[in-house]
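**Student:** Structure file structure_31.cif, mmCIF, C-alpha atoms (C1' of nucleotides), is pasted below:
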data_protein
#
loop_
_atom_site.label_atom_id
_atom_site.label_comp_id
_atom_site.auth_asym_id
_atom_site.auth_seq_id
_atom_site.Cartn_x
_atom_site.Cartn_y
_atom_site.Cartn_z
CA MET A 1 114.97 102.59 111.99
CA ALA A 2 113.50 99.81 114.07
CA PHE A 3 110.16 98.27 113.17
CA THR A 4 107.78 97.60 116.00
CA ALA A 5 105.33 94.76 116.02
CA ARG A 6 102.44 97.06 115.31
CA SER A 7 104.06 98.66 112.33
CA GLU A 8 104.81 95.27 110.86
CA GLU A 9 101.20 94.35 111.39
CA THR A 10 99.70 97.22 109.45
CA ARG A 11 102.42 96.82 106.87
CA ALA A 12 101.16 93.29 106.30
CA ALA A 13 97.56 94.48 106.30
CA ILE A 14 98.36 96.94 103.55
CA LEU A 15 100.08 94.25 101.51
CA ALA A 16 97.17 91.85 101.90
CA ALA A 17 94.65 94.50 100.89
CA ALA A 18 96.85 95.50 97.97
CA ARG A 19 97.01 91.93 96.70
CA ARG A 20 93.26 91.64 96.93
CA ARG A 21 92.66 94.89 95.09
CA PHE A 22 95.32 94.35 92.46
CA ALA A 23 93.98 90.85 91.84
CA ALA A 24 90.40 92.06 91.55
CA ASP A 25 90.93 95.24 89.56
CA GLY A 26 94.38 95.18 87.97
CA TYR A 27 97.08 97.76 88.46
CA GLU A 28 95.42 100.86 87.04
CA ARG A 29 91.99 100.53 88.59
CA ALA A 30 93.24 99.56 92.01
CA THR A 31 93.60 102.91 93.73
CA VAL A 32 95.79 103.66 96.71
CA ARG A 33 92.73 105.04 98.44
CA ALA A 34 90.74 101.86 97.99
CA ILE A 35 93.60 99.71 99.23
CA ALA A 36 94.00 101.95 102.26
CA ALA A 37 90.28 101.78 102.98
CA ASP A 38 90.38 97.98 102.84
CA ALA A 39 93.31 97.94 105.24
CA ASP A 40 91.51 100.48 107.45
CA ILE A 41 94.27 103.06 107.43
CA ASP A 42 95.03 106.40 105.88
CA PRO A 43 96.14 106.48 102.22
CA SER A 44 99.24 108.41 103.17
CA MET A 45 100.48 105.45 105.19
CA VAL A 46 100.54 103.32 102.07
CA ILE A 47 102.96 105.76 100.49
CA ARG A 48 104.93 106.08 103.68
CA TYR A 49 105.51 102.35 103.91
CA TYR A 50 106.03 101.49 100.28
CA GLY A 51 107.26 104.73 98.76
CA SER A 52 104.82 104.79 95.88
CA LYS A 53 102.08 102.80 94.22
CA GLU A 54 104.71 101.16 92.02
CA GLY A 55 106.70 100.15 95.09
CA LEU A 56 103.64 98.62 96.69
CA PHE A 57 102.94 96.70 93.52
CA ALA A 58 106.48 95.38 93.37
CA ALA A 59 106.12 94.10 96.92
CA ALA A 60 102.76 92.54 96.09
CA VAL A 61 103.96 90.40 93.20
CA ASP A 62 106.96 88.84 94.87
CA VAL A 63 106.11 85.25 94.04
CA ASP A 64 107.79 81.88 94.19
CA LEU A 65 106.22 79.19 92.02
CA ARG A 66 107.85 76.46 94.16
CA LEU A 67 108.09 74.22 91.14
CA PRO A 68 109.21 70.68 91.92
CA ASP A 69 112.38 69.34 90.35
CA LEU A 70 110.96 67.75 87.25
CA ALA A 71 114.23 66.11 86.28
CA ALA A 72 113.97 63.86 89.33
CA LEU A 73 110.61 62.43 88.27
CA PRO A 74 109.75 59.39 86.18
CA PRO A 75 109.84 60.86 82.68
CA ASP A 76 106.31 59.81 81.81
CA ARG A 77 104.83 61.54 84.87
CA VAL A 78 106.35 64.97 84.31
CA GLY A 79 103.38 66.49 82.49
CA GLU A 80 100.86 65.30 85.03
CA VAL A 81 102.87 66.49 88.02
CA PHE A 82 103.53 69.87 86.48
CA VAL A 83 99.91 70.56 85.56
CA ARG A 84 98.61 69.43 88.91
CA HIS A 85 101.12 71.58 90.74
CA PHE A 86 100.24 74.58 88.64
CA LEU A 87 96.51 74.22 89.11
CA ALA A 88 96.99 73.80 92.85
CA LEU A 89 98.99 77.00 92.83
CA TRP A 90 96.17 78.95 91.22
CA GLU A 91 93.44 77.26 93.18
CA GLY A 92 95.14 77.96 96.53
CA PRO A 93 94.16 81.17 98.31
CA GLY A 94 97.54 82.77 98.90
CA PRO A 95 99.75 82.29 95.85
CA GLY A 96 96.79 82.03 93.51
CA GLU A 97 95.93 85.59 94.36
CA VAL A 98 99.48 86.68 93.66
CA LEU A 99 99.41 84.94 90.30
CA THR A 100 96.16 86.66 89.44
CA VAL A 101 97.74 89.97 90.33
CA LEU A 102 100.72 89.21 88.17
CA LEU A 103 98.80 88.05 85.12
CA ARG A 104 96.18 90.78 85.34
CA SER A 105 98.83 93.42 85.58
CA ALA A 106 101.40 92.00 83.20
CA VAL A 107 98.95 92.48 80.37
CA THR A 108 98.86 96.26 80.69
CA ASN A 109 101.89 97.10 82.79
CA GLU A 110 105.30 96.72 81.19
CA SER A 111 107.24 96.29 84.42
CA ALA A 112 104.87 93.53 85.47
CA ALA A 113 105.34 91.91 82.08
CA GLU A 114 109.09 92.04 82.58
CA ARG A 115 108.69 90.39 85.95
CA MET A 116 106.57 87.65 84.39
CA ARG A 117 109.17 87.07 81.69
CA MET A 118 111.80 86.80 84.39
CA ILE A 119 109.79 84.30 86.40
CA PHE A 120 109.25 82.04 83.45
CA ALA A 121 112.76 82.41 82.17
CA THR A 122 114.21 81.39 85.51
CA GLN A 123 111.71 79.29 87.43
CA VAL A 124 109.96 77.41 84.63
CA ALA A 125 112.92 77.03 82.31
CA THR A 126 115.19 75.76 85.07
CA ALA A 127 112.57 73.42 86.49
CA LEU A 128 112.77 71.47 83.24
CA GLY A 129 116.43 70.87 83.99
CA PRO A 130 119.23 72.72 82.28
CA SER A 131 120.34 69.71 80.28
CA VAL A 132 117.19 69.48 78.19
CA GLU A 133 117.52 70.31 74.54
CA ASP A 134 115.53 73.37 73.41
CA GLY A 135 114.81 74.18 77.04
CA PRO A 136 113.59 77.76 76.59
CA THR A 137 111.37 76.84 73.65
CA ARG A 138 109.82 73.99 75.56
CA ALA A 139 109.31 76.19 78.60
CA ALA A 140 107.59 78.79 76.42
CA LEU A 141 105.25 76.19 74.95
CA VAL A 142 104.38 74.95 78.42
CA ALA A 143 103.83 78.52 79.57
CA GLY A 144 101.57 79.15 76.60
CA GLN A 145 99.38 76.18 77.43
CA VAL A 146 99.26 76.68 81.14
CA LEU A 147 98.88 80.46 81.19
CA GLY A 148 96.16 80.22 78.56
CA VAL A 149 94.18 77.87 80.75
CA ALA A 150 94.70 80.15 83.75
CA LEU A 151 93.57 83.10 81.65
CA CYS A 152 90.38 81.38 80.54
CA ARG A 153 89.63 79.81 83.90
CA TYR A 154 90.54 82.48 86.46
CA ILE A 155 90.52 85.77 84.57
CA LEU A 156 88.08 85.54 81.67
CA ARG A 157 86.04 82.86 83.44
CA LEU A 158 84.92 81.04 80.29
CA PRO A 159 82.04 78.96 81.66
CA PRO A 160 83.05 75.57 80.24
CA MET A 161 86.57 76.05 81.50
CA VAL A 162 85.38 77.06 84.94
CA ALA A 163 83.01 74.11 85.06
CA LEU A 164 85.77 71.51 84.72
CA ASP A 165 87.02 70.14 88.00
CA ALA A 166 90.74 70.26 88.59
CA GLU A 167 91.50 66.57 88.20
CA THR A 168 89.65 66.29 84.91
CA LEU A 169 91.55 69.29 83.66
CA VAL A 170 94.80 67.65 84.73
CA ALA A 171 93.86 64.61 82.66
CA TYR A 172 93.19 66.78 79.61
CA LEU A 173 96.28 68.97 79.86
CA ALA A 174 98.90 66.53 81.11
CA PRO A 175 99.52 64.82 77.75
CA THR A 176 99.99 68.19 76.07
CA VAL A 177 102.50 69.42 78.60
CA GLN A 178 104.16 66.03 78.59
CA ARG A 179 104.67 66.33 74.85
CA TYR A 180 105.98 69.91 75.05
CA ILE A 181 108.49 68.91 77.69
CA GLY A 182 109.62 65.55 76.50
CA ALA A 183 108.73 64.57 72.97
CA PRO A 184 110.85 65.54 69.98
CA LEU A 185 109.72 68.92 68.72
CA ALA A 186 110.39 68.62 65.03
CA MET B 1 71.09 113.69 60.23
CA ALA B 2 73.07 113.17 57.06
CA PHE B 3 76.71 112.13 57.20
CA THR B 4 79.04 113.84 54.82
CA ALA B 5 82.11 112.17 53.37
CA ARG B 6 84.38 114.21 55.58
CA SER B 7 82.64 113.28 58.78
CA GLU B 8 82.93 109.61 57.87
CA GLU B 9 86.62 110.13 57.24
CA THR B 10 87.47 111.57 60.62
CA ARG B 11 85.17 109.05 62.21
CA ALA B 12 87.36 106.34 60.74
CA ALA B 13 90.52 108.18 61.77
CA ILE B 14 89.31 108.23 65.36
CA LEU B 15 88.52 104.54 65.26
CA ALA B 16 91.94 103.69 63.85
CA ALA B 17 93.72 105.77 66.46
CA ALA B 18 91.55 104.24 69.17
CA ARG B 19 92.45 100.72 68.10
CA ARG B 20 96.12 101.60 68.12
CA ARG B 21 95.96 103.16 71.57
CA PHE B 22 93.74 100.51 73.10
CA ALA B 23 96.02 97.82 71.69
CA ALA B 24 99.14 99.50 73.02
CA ASP B 25 97.92 100.61 76.44
CA GLY B 26 94.74 98.73 77.31
CA TYR B 27 91.41 100.32 78.14
CA GLU B 28 92.26 102.26 81.28
CA ARG B 29 95.54 103.83 80.20
CA ALA B 30 94.36 104.77 76.74
CA THR B 31 92.96 108.26 77.27
CA VAL B 32 90.45 110.01 75.08
CA ARG B 33 92.88 112.90 74.82
CA ALA B 34 95.70 110.71 73.52
CA ILE B 35 93.45 109.04 70.98
CA ALA B 36 92.24 112.43 69.81
CA ALA B 37 95.80 113.70 69.51
CA ASP B 38 96.75 110.68 67.40
CA ALA B 39 93.79 111.31 65.12
CA ASP B 40 94.62 115.04 65.02
CA ILE B 41 91.25 115.93 66.36
CA ASP B 42 89.76 117.69 69.35
CA PRO B 43 88.93 115.36 72.26
CA SER B 44 85.37 116.58 72.25
CA MET B 45 84.87 115.16 68.76
CA VAL B 46 85.59 111.69 70.04
CA ILE B 47 82.72 111.99 72.46
CA ARG B 48 80.50 113.62 69.85
CA TYR B 49 80.96 110.75 67.46
CA TYR B 50 80.97 107.83 69.83
CA GLY B 51 79.02 109.10 72.83
CA SER B 52 81.55 108.04 75.44
CA LYS B 53 84.84 106.25 75.89
CA GLU B 54 82.91 103.03 76.43
CA GLY B 55 81.07 103.53 73.17
CA LEU B 56 84.29 104.11 71.31
CA PHE B 57 85.72 100.96 72.84
CA ALA B 58 82.68 98.95 71.83
CA ALA B 59 83.11 100.14 68.26
CA ALA B 60 86.82 99.34 68.36
CA VAL B 61 86.43 95.69 69.34
CA ASP B 62 83.79 94.72 66.83
CA VAL B 63 85.60 91.68 65.49
CA ASP B 64 84.82 88.74 63.27
CA LEU B 65 87.21 85.80 63.60
CA ARG B 66 86.15 84.50 60.15
CA LEU B 67 86.74 80.95 61.29
CA PRO B 68 86.50 78.39 58.50
CA ASP B 69 83.93 75.63 58.72
CA LEU B 70 85.97 72.97 60.44
CA ALA B 71 83.31 70.30 59.98
CA ALA B 72 83.89 70.40 56.24
CA LEU B 73 87.57 69.52 56.53
CA PRO B 74 89.35 66.18 56.54
CA PRO B 75 89.19 65.27 60.23
CA ASP B 76 92.94 64.85 60.59
CA ARG B 77 93.66 68.34 59.24
CA VAL B 78 91.36 70.29 61.57
CA GLY B 79 94.00 71.15 64.15
CA GLU B 80 96.51 72.36 61.64
CA VAL B 81 94.03 74.51 59.73
CA PHE B 82 92.66 76.05 62.90
CA VAL B 83 96.04 76.97 64.34
CA ARG B 84 97.30 78.39 61.07
CA HIS B 85 94.17 80.48 60.66
CA PHE B 86 94.44 81.79 64.15
CA LEU B 87 98.08 82.75 63.89
CA ALA B 88 97.42 84.47 60.57
CA LEU B 89 94.66 86.42 62.29
CA TRP B 90 97.03 87.71 64.96
CA GLU B 91 99.91 88.25 62.61
CA GLY B 92 97.80 90.29 60.18
CA PRO B 93 97.80 94.07 60.70
CA GLY B 94 94.09 94.79 60.85
CA PRO B 95 92.35 92.11 62.87
CA GLY B 96 95.46 91.30 64.88
CA GLU B 97 95.30 94.74 66.36
CA VAL B 98 91.66 94.27 67.23
CA LEU B 99 92.45 90.98 68.93
CA THR B 100 95.20 92.63 70.93
CA VAL B 101 92.75 95.30 72.00
CA LEU B 102 90.27 92.69 73.04
CA LEU B 103 92.68 90.51 74.99
CA ARG B 104 94.48 93.43 76.64
CA SER B 105 91.22 94.93 77.75
CA ALA B 106 89.32 91.77 78.63
CA VAL B 107 91.80 91.12 81.41
CA THR B 108 90.88 94.23 83.36
CA ASN B 109 87.55 95.33 81.90
CA GLU B 110 84.51 93.24 82.66
CA SER B 111 82.50 94.29 79.63
CA ALA B 112 85.40 93.39 77.38
CA ALA B 113 85.66 90.05 79.13
CA GLU B 114 81.97 89.48 78.50
CA ARG B 115 82.51 90.27 74.83
CA MET B 116 85.37 87.81 74.69
CA ARG B 117 83.25 85.11 76.30
CA MET B 118 80.55 85.79 73.75
CA ILE B 119 82.96 85.56 70.83
CA PHE B 120 84.33 82.24 71.96
CA ALA B 121 80.96 80.87 72.92
CA THR B 122 79.52 81.65 69.50
CA GLN B 123 82.29 81.80 66.93
CA VAL B 124 84.69 79.16 68.25
CA ALA B 125 82.14 76.78 69.66
CA THR B 126 80.03 76.83 66.51
CA ALA B 127 83.03 76.52 64.21
CA LEU B 128 83.59 73.07 65.67
CA GLY B 129 80.17 72.12 64.45
CA PRO B 130 77.12 71.85 66.68
CA SER B 131 76.98 68.09 66.44
CA VAL B 132 80.25 67.46 68.24
CA GLU B 133 80.05 65.88 71.64
CA ASP B 134 81.29 68.09 74.51
CA GLY B 135 81.49 71.01 72.09
CA PRO B 136 81.79 73.83 74.65
CA THR B 137 84.40 71.97 76.67
CA ARG B 138 86.49 71.28 73.59
CA ALA B 139 86.14 74.88 72.47
CA ALA B 140 87.33 76.06 75.87
CA LEU B 141 90.37 73.80 75.75
CA VAL B 142 91.23 75.07 72.29
CA ALA B 143 90.75 78.64 73.48
CA GLY B 144 93.00 77.98 76.43
CA GLN B 145 95.82 76.72 74.22
CA VAL B 146 95.49 79.31 71.53
CA LEU B 147 94.89 82.34 73.73
CA GLY B 148 97.79 81.32 75.93
CA VAL B 149 100.12 81.29 72.97
CA ALA B 150 98.79 84.66 71.82
CA LEU B 151 99.29 86.00 75.33
CA CYS B 152 102.90 84.84 75.50
CA ARG B 153 103.73 85.79 71.93
CA TYR B 154 101.96 89.09 71.34
CA ILE B 155 101.31 90.54 74.79
CA LEU B 156 103.95 89.30 77.21
CA ARG B 157 106.46 88.79 74.39
CA LEU B 158 108.26 85.84 75.95
CA PRO B 159 111.45 85.75 73.88
CA PRO B 160 111.47 82.04 72.97
CA MET B 161 107.83 82.25 71.94
CA VAL B 162 108.44 85.34 69.84
CA ALA B 163 111.46 83.74 68.22
CA LEU B 164 109.50 80.83 66.76
CA ASP B 165 108.36 81.36 63.21
CA ALA B 166 104.71 80.86 62.49
CA GLU B 167 104.94 77.57 60.58
CA THR B 168 107.08 75.92 63.24
CA LEU B 169 104.59 77.02 65.83
CA VAL B 170 101.79 75.54 63.75
CA ALA B 171 103.64 72.24 63.73
CA TYR B 172 103.98 72.31 67.52
CA LEU B 173 100.44 73.35 68.32
CA ALA B 174 98.44 71.54 65.68
CA PRO B 175 98.55 68.10 67.35
CA THR B 176 97.38 69.60 70.63
CA VAL B 177 94.43 71.39 69.09
CA GLN B 178 93.70 68.33 66.99
CA ARG B 179 93.44 66.28 70.16
CA TYR B 180 91.25 68.80 71.97
CA ILE B 181 88.87 68.95 69.03
CA GLY B 182 88.75 65.37 67.94
CA ALA B 183 90.14 62.80 70.31
CA PRO B 184 88.08 61.24 73.11
CA LEU B 185 88.39 63.41 76.18
CA ALA B 186 88.07 60.87 78.94
"C1'" DC C 1 74.57 134.90 47.19
"C1'" DC C 2 72.99 133.56 51.46
"C1'" DG C 3 71.61 131.24 55.34
"C1'" DA C 4 70.75 126.71 57.69
"C1'" DG C 5 73.01 123.01 59.43
"C1'" DA C 6 76.93 120.40 60.03
"C1'" DA C 7 82.05 120.07 61.40
"C1'" DG C 8 85.36 121.66 64.26
"C1'" DT C 9 87.52 124.52 68.17
"C1'" DC C 10 88.04 126.31 72.80
"C1'" DA C 11 87.65 126.70 77.54
"C1'" DA C 12 85.99 124.88 81.39
"C1'" DC C 13 83.76 121.74 84.70
"C1'" DA C 14 83.53 118.22 88.43
"C1'" DG C 15 85.56 114.38 90.18
"C1'" DA C 16 89.27 111.35 91.14
"C1'" DT C 17 94.17 110.23 91.61
"C1'" DG C 18 99.01 109.84 93.55
"C1'" DA C 19 101.66 112.17 96.53
"C1'" DT C 20 103.31 115.61 100.43
"C1'" DG C 21 103.96 117.87 104.81
"C1'" DG C 22 102.37 119.33 109.18
"C1'" DC C 23 100.25 117.98 113.19
"C1'" DC C 24 98.79 115.02 117.30
"C1'" DA C 25 98.86 110.63 120.13
"C1'" DA C 26 100.97 106.52 121.79
"C1'" DC C 27 104.90 104.06 123.19
"C1'" DG C 28 109.11 102.82 125.63
"C1'" DG C 29 113.75 103.37 127.48
"C1'" DA C 30 116.33 106.42 130.84
"C1'" DT D 1 108.22 110.87 135.08
"C1'" DC D 2 109.89 112.64 130.95
"C1'" DC D 3 110.98 113.12 126.22
"C1'" DG D 4 112.56 111.43 121.78
"C1'" DT D 5 110.90 108.38 118.43
"C1'" DT D 6 107.52 106.29 115.90
"C1'" DG D 7 102.60 105.38 114.08
"C1'" DG D 8 98.77 107.54 112.36
"C1'" DC D 9 95.53 111.16 110.56
"C1'" DC D 10 94.16 115.41 108.26
"C1'" DA D 11 94.09 118.89 104.91
"C1'" DT D 12 95.89 119.91 100.71
"C1'" DC D 13 98.45 120.07 96.29
"C1'" DA D 14 99.08 119.52 91.33
"C1'" DT D 15 97.60 116.83 87.82
"C1'" DC D 16 94.83 114.21 84.90
"C1'" DT D 17 90.37 112.15 83.67
"C1'" DG D 18 85.83 112.01 80.85
"C1'" DT D 19 82.54 115.04 79.48
"C1'" DT D 20 79.87 119.33 78.38
"C1'" DG D 21 78.32 123.59 76.30
"C1'" DA D 22 79.11 127.73 73.87
"C1'" DC D 23 81.38 129.63 70.13
"C1'" DT D 24 83.39 129.88 65.25
"C1'" DT D 25 84.16 128.13 60.64
"C1'" DC D 26 83.04 125.58 56.72
"C1'" DT D 27 79.81 123.44 53.25
"C1'" DC D 28 76.30 123.34 50.09
"C1'" DG D 29 71.38 123.47 48.51
"C1'" DG D 30 67.97 127.10 47.18
#
Starting from the coordinates I provided, produce the structure as structure tokens.
**Tutor:**
Amino acid sequence: MAFTARSEETRAAILAAARRRFAADGYERATVRAIAADADIDPSMVIRYYGSKEGLFAAAVDVDLRLPDLAALPPDRVGEVFVRHFLALWEGPGPGEVLTVLLRSAVTNESAAERMRMIFATQVATALGPSVEDGPTRAALVAGQVLGVALCRYILRLPPMVALDAETLVAYLAPTVQRYIGAPLA
Amino acid sequence: MAFTARSEETRAAILAAARRRFAADGYERATVRAIAADADIDPSMVIRYYGSKEGLFAAAVDVDLRLPDLAALPPDRVGEVFVRHFLALWEGPGPGEVLTVLLRSAVTNESAAERMRMIFATQVATALGPSVEDGPTRAALVAGQVLGVALCRYILRLPPMVALDAETLVAYLAPTVQRYIGAPLA
DNA sequence: CCGAGAAGTCAACAGATGATGGCCAACGGA
DNA sequence: TCCGTTGGCCATCATCTGTTGACTTCTCGG
């Protein structure tokens, strides 16, 4: 089967609408019909292109954190760089939406949770460098800090957390992440 | 209308089943029918007793964090006490379930999110003591750390985070929370 | 002992949801 | 020009959702 330019276009439109809806409503409340309406096509096309709602979701949460190689940085800058990169990721329009989708859905959808576990097991844990002692534990602590902030800032929208500007937040969080990555744990 | 002992009993059974289902599945996927089946009751009784699914949910997430008065503690112990209390809250069978309900639902349900905001605005922020400078900001930072850990440990179940025993986790997190509560922010 | 009121059951409603298959229109190579 | 292939739409299905109202059964005060 050959894909024409037009088919690829609506395919992308569906995906974009899906990301928007999934991000705004989460997996269960985002209906195929609503996504189709946003993309200005018939609901049946969504199924035709992506097989099922699950298939569409899987395509929508394909994300690459693009984490920098932290091992190549001056050791005392690692926390700062990591936090800034992560905030930029959420703040940005494209990937930030994907991350919202993922977090919103991972909380109630087991397959999304599995995907999130995978992402942090591979991308975050390996970004620390494989040689680090207690790598997975450190990665989990970093994830706990950074996902918690994302949760409060972008999902729950706790007012004081939303009010902070990104750079101030970097200044607050960097020492914590720095400690989780580098300092002795015991 | 007088409530008999039996009515109060099934009322409680419904609430317990609701908490279990809401905790396991989140608001949208937990159906009135499933809750009723767990409580061994007709679905219509759920509505009779609680008016609607929303009403049942509201009753299910009525939670008191029972935070200790942090202002009355030795200043260098505040972080440790807070983290230990919070972990005990999640680890415990009763309130931990309620907190799972709340977090699972707050991510996709706006009214649950509002309730969560309220809880942290009142209970957490006031536990720090009203006299503290930048109280709401500090409370939000603490919430970000502590909710993130709860998310990774109890909802997403990141293996390295689950593997840590509670006291070790206290040792890791306490300095962070201590800093967010007490140290100068700038 | 009896009858009022509560507790509980049953069947059904209206609406929404994911998914399917048949049909028509547009396109593009021969 | 013609015709197979593809994109798109429509009507529809089976199922599940929260919720309602009518009916039966139980409880207990007089």
**Student:** Which is closer to Glu167 (chain A) than all the others in A:Arg21, A:Lys53, A:His85, A:Arg33, using only C-alpha atoms?
**Tutor:**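 Comparing A:Arg21, A:Lys53, A:His85, A:Arg33 against Glu167 (chain A), the winner is A:His85.
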**Student:** Report the distance between CA of Leu147 (chain B) and CA of Pro184 (chain A) in Å, rounded to one decimal place.
**Tutor:** 23.5 Å
**Student:** May I have a table of the residues of chain A lying at most 8 Å from chain D, giving each one's closest pair of atoms and their distance in Å to one decimal, counting all atoms listed in the file, ordered by chain and ascending residue number, as a Markdown table?
**Tutor:**
| residue | atom | partner | partner_atom | distance |
| --- | --- | --- | --- | --- |
| A:Ser7 | CA | D:DG7 | C1' | 7.1 |
| A:Asp42 | CA | D:DC9 | C1' | 6.7 |
| A:Met45 | CA | D:DG8 | C1' | 7.7 |
**Student:** In Å, with one decimal, what is the gap from CA of Leu56 (chain A) to CA of Gly148 (chain A)?
**Tutor:**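 Between CA of Leu56 (chain A) and CA of Gly148 (chain A) the gap works out to 26.9 Å.
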**Student:** Find the residues of chain C that sit at most 10 Å from chain A; for each, write down the nearest two atoms and how far apart they are in Å, to one decimal. Count only C-alpha atoms (C1' of nucleotides). Sort by chain, then by number going up, and give it as a tab-separated table.
**Tutor:**
residue	atom	partner	partner_atom	distance
C:DA16	C1'	A:Thr31	CA	9.8
C:DT17	C1'	A:Thr31	CA	7.6
C:DG18	C1'	A:Val32	CA	7.7
C:DA19	C1'	A:Ile47	CA	7.6
C:DT20	C1'	A:Ser44	CA	8.7
**Student:** Could you spell out the hits of the PyMOL selection byres ((chain A) within 7 of (chain B)) on the shown file, as a PDB file with C-alpha atoms, in the frame of the given file?
**Tutor:**
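File produced: result.pdb:
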ATOM      1  CA  ASP A  25      90.930  95.240  89.560  1.00  0.00           C
ATOM      2  CA  GLY A  26      94.380  95.180  87.970  1.00  0.00           C
ATOM      3  CA  GLU A  28      95.420 100.860  87.040  1.00  0.00           C
ATOM      4  CA  ARG A 104      96.180  90.780  85.340  1.00  0.00           C
ATOM      5  CA  VAL A 107      98.950  92.480  80.370  1.00  0.00           C
ATOM      6  CA  THR A 108      98.860  96.260  80.690  1.00  0.00           C
ATOM      7  CA  ALA A 113     105.340  91.910  82.080  1.00  0.00           C
ATOM      8  CA  ARG A 117     109.170  87.070  81.690  1.00  0.00           C
ATOM      9  CA  PRO A 136     113.590  77.760  76.590  1.00  0.00           C
ATOM     10  CA  THR A 137     111.370  76.840  73.650  1.00  0.00           C
ATOM     11  CA  ALA A 140     107.590  78.790  76.420  1.00  0.00           C
ATOM     12  CA  GLY A 144     101.570  79.150  76.600  1.00  0.00           C
ATOM     13  CA  GLN A 145      99.380  76.180  77.430  1.00  0.00           C
ATOM     14  CA  LEU A 147      98.880  80.460  81.190  1.00  0.00           C
ATOM     15  CA  GLY A 148      96.160  80.220  78.560  1.00  0.00           C
ATOM     16  CA  VAL A 149      94.180  77.870  80.750  1.00  0.00           C
ATOM     17  CA  CYS A 152      90.380  81.380  80.540  1.00  0.00           C
ATOM     18  CA  ILE A 155      90.520  85.770  84.570  1.00  0.00           C
ATOM     19  CA  LEU A 156      88.080  85.540  81.670  1.00  0.00           C
ATOM     20  CA  LEU A 158      84.920  81.040  80.290  1.00  0.00           C
ATOM     21  CA  PRO A 160      83.050  75.570  80.240  1.00  0.00           C
ATOM     22  CA  MET A 161      86.570  76.050  81.500  1.00  0.00           C
ATOM     23  CA  TYR A 172      93.190  66.780  79.610  1.00  0.00           C
ATOM     24  CA  THR A 176      99.990  68.190  76.070  1.00  0.00           C
ATOM     25  CA  LEU A 185     109.720  68.920  68.720  1.00  0.00           C
TER      26      LEU A 185
END
**Student:** In Å, how far is it from CA of Leu73 (chain A) to CA of Leu99 (chain A)?
**Tutor:**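 CA of Leu99 (chain A) lies 25.2 Å from CA of Leu73 (chain A).
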**Student:** Point out the residue among B:Leu128, B:Ala18, B:Ala36, B:Ile41 with the least atom-to-atom distance to DT9 (chain C), counting all atoms listed in the file.
**Tutor:**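 Looking at the shortest contact to DT9 (chain C), the residue is B:Ile41.
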**Student:** Taking all atoms listed in the file into account, name the residue in A:Phe82, A:Tyr50, A:Phe22, A:Phe57 that is nearest to Val170 (chain A).
**Tutor:**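 Among A:Phe82, A:Tyr50, A:Phe22, A:Phe57, it is A:Phe82 that comes nearest to Val170 (chain A).
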**Student:** If the PyMOL selection byres ((chain A and resi 129) around 12) were run on this exact file, what residues would it hold? Put them as a count of residues only.
**Tutor:** 26
